[in-house]
Amino acid sequence: MTLAKRLKSSVSNLAQGVVGVAAGLALVFAIAGAPAQAWAQVAPAPAAAPAATPAIQGQGPALWVIKDADSTLYLFGTVHVLRPTVGWLSPKVEAAFDSSDQIWFEFSNPDDQAAVMAVIQQHGYSSDRPLSSYLTADERIGLEAAAASIGVAAEAMEPMRPWWAGMTLALAPLAKAGYDPMSGAERILKARADAAGKPSHGFETIEQQVRVLADLPEAVQVDLVREGITDYQRGAEMLDGLVDAWAKGDVKALEAITVAEMKADFPALYGPLIVDRNTDWADQIQTQLQGSGTAFIAVGAAHLTGDDSVQSILKSRGVAVESVE
């Protein structure tokens, strides 16, 4: 399996992860439902949260808790874009959220598509070199066909940097398959937080998230485009498996889907995308524990699975993390 396929298959995080590599980049799915507007450099309108969510499967997605004498921190792994029919807001998640004084996301405003697009405009487009110049003649023909299938002329993609072109090709079919960022867990949680007057915070800025992809080596970025041209229609199929495991609370299956192969085959990528960010977030969580109160932390599910998960890092430092049953 090529690198780009792995990126797309770890979709929580860069879907997430921006697709897989996206196994944790909330920003890409923030605009997953509106790639045409992104290409046209038009920010989509703010999303409204769904009125209700459907029934969960079994116990629903996994939830963890960290406690000390005066602090309670809940850890909840999310999927950034979902079909509206997926149930995930379980009684235990709802109770943890309702009891929290503040909410933490990967970045503080996951509902602000305009802010996301402003940063993507800065790092996702370039006048220095057209996209087609990275491709062979056959690949250019493939790009035209792929772009046409998602309703965009290939010429409109020429100013895109390769990482952004590859991501948009991977994300566009998700909307056709019924996936909707308006139904993503962060969107719903952010709307609930705003309605309840709960302050929202972020572990990173939007620019930090974009730079995870924008700073990839050029060869890796071009590989994303090539895979997007030939394999863009498989994104929904890959995401289906991830969502099913997540919705059931199957953490082991999530690990296999999101991080295991990336860790084994692409350590240079796995480090900055997963380990470095998880380590930073663990640092910030330990700082929170020095204060008091109750917080609900919602980040991409890939960050809460595997040997290098946020929980594992905290446990290695002597911080007790328990599953909420």
# chains A, B, ... in the order shown; residues from 1 in each chain; ligands from 1

call {"tool": "residues_around", "arguments": {"residues": "region 119-135 of chain A", "least_positions_apart": "5", "cutoff": "7 Å", "atoms": "only C-alpha atoms", "output": "NGL selection string"}}
result
:A and (140 or 157-162 or 164 or 207 or 210 or 214 or 222)

call {"tool": "select_by_dssp", "arguments": {"residues": "region 179-219 of chain A", "states": "strand (DSSP E or B)", "output": "ChimeraX atom specification"}}
result
/A:180,200-202

call {"tool": "closest_atom_pairs", "arguments": {"of": "region 160-238 of chain A", "to": "region 62-84 of chain A", "cutoff": "10 Å", "atoms": "only C-alpha atoms", "output": "tab-separated table"}}
result
residue	atom	partner	partner_atom	distance
A:Leu174	CA	A:Val81	CA	8.9
A:Ala175	CA	A:Arg83	CA	9.0
A:Ala177	CA	A:Arg83	CA	8.4
A:Gly178	CA	A:Arg83	CA	5.6
A:Tyr179	CA	A:Arg83	CA	4.4
A:Asp180	CA	A:Leu82	CA	5.5
A:Pro181	CA	A:Val81	CA	4.3
A:Met182	CA	A:Val81	CA	7.3
A:Ser183	CA	A:Leu82	CA	5.4
A:Gly184	CA	A:Val81	CA	4.1
A:Ala185	CA	A:Thr78	CA	5.8
A:Glu186	CA	A:His80	CA	6.4
A:Arg187	CA	A:His80	CA	8.1

call {"tool": "closest_residue", "arguments": {"among": "A:Ala302, A:Val152, A:Val243, A:Ala295", "to": "Met262 (chain A)", "atoms": "only C-alpha atoms"}}
result
A:Ala302

call {"tool": "select_by_dssp", "arguments": {"residues": "region 136-228 of chain A", "states": "alpha helix (DSSP H)", "output": "ChimeraX atom specification"}}
result
/A:137-149,162-176,185-196,206-214,218-228

call {"tool": "residues_around", "arguments": {"residues": "Gly228 (chain A)", "least_positions_apart": "5", "cutoff": "8 Å", "atoms": "only C-alpha atoms", "output": "PyMOL selection string"}}
result
chain A and resi 4+166-167+169-170

call {"tool": "write_last_selection", "arguments": {"atoms": "N, CA and C atoms", "output": "tab-separated table (two decimals), in the first residue's frame"}}
result
chain	number	residue	atom	x	y	z
A	4	ALA	N	0.11	7.44	0.14
A	4	ALA	CA	-1.13	8.20	0.03
A	4	ALA	C	-2.34	7.37	0.42
A	166	GLY	N	-4.18	16.77	-3.57
A	166	GLY	CA	-4.38	15.38	-3.19
A	166	GLY	C	-5.46	15.22	-2.16
A	167	MET	N	-5.50	16.12	-1.19
A	167	MET	CA	-6.52	16.04	-0.15
A	167	MET	C	-7.92	16.30	-0.70
A	169	LEU	N	-9.01	15.81	-3.74
A	169	LEU	CA	-9.43	14.66	-4.52
A	169	LEU	C	-9.89	13.52	-3.61
A	170	ALA	N	-9.22	13.36	-2.49
A	170	ALA	CA	-9.60	12.29	-1.56
A	170	ALA	C	-10.88	12.60	-0.82
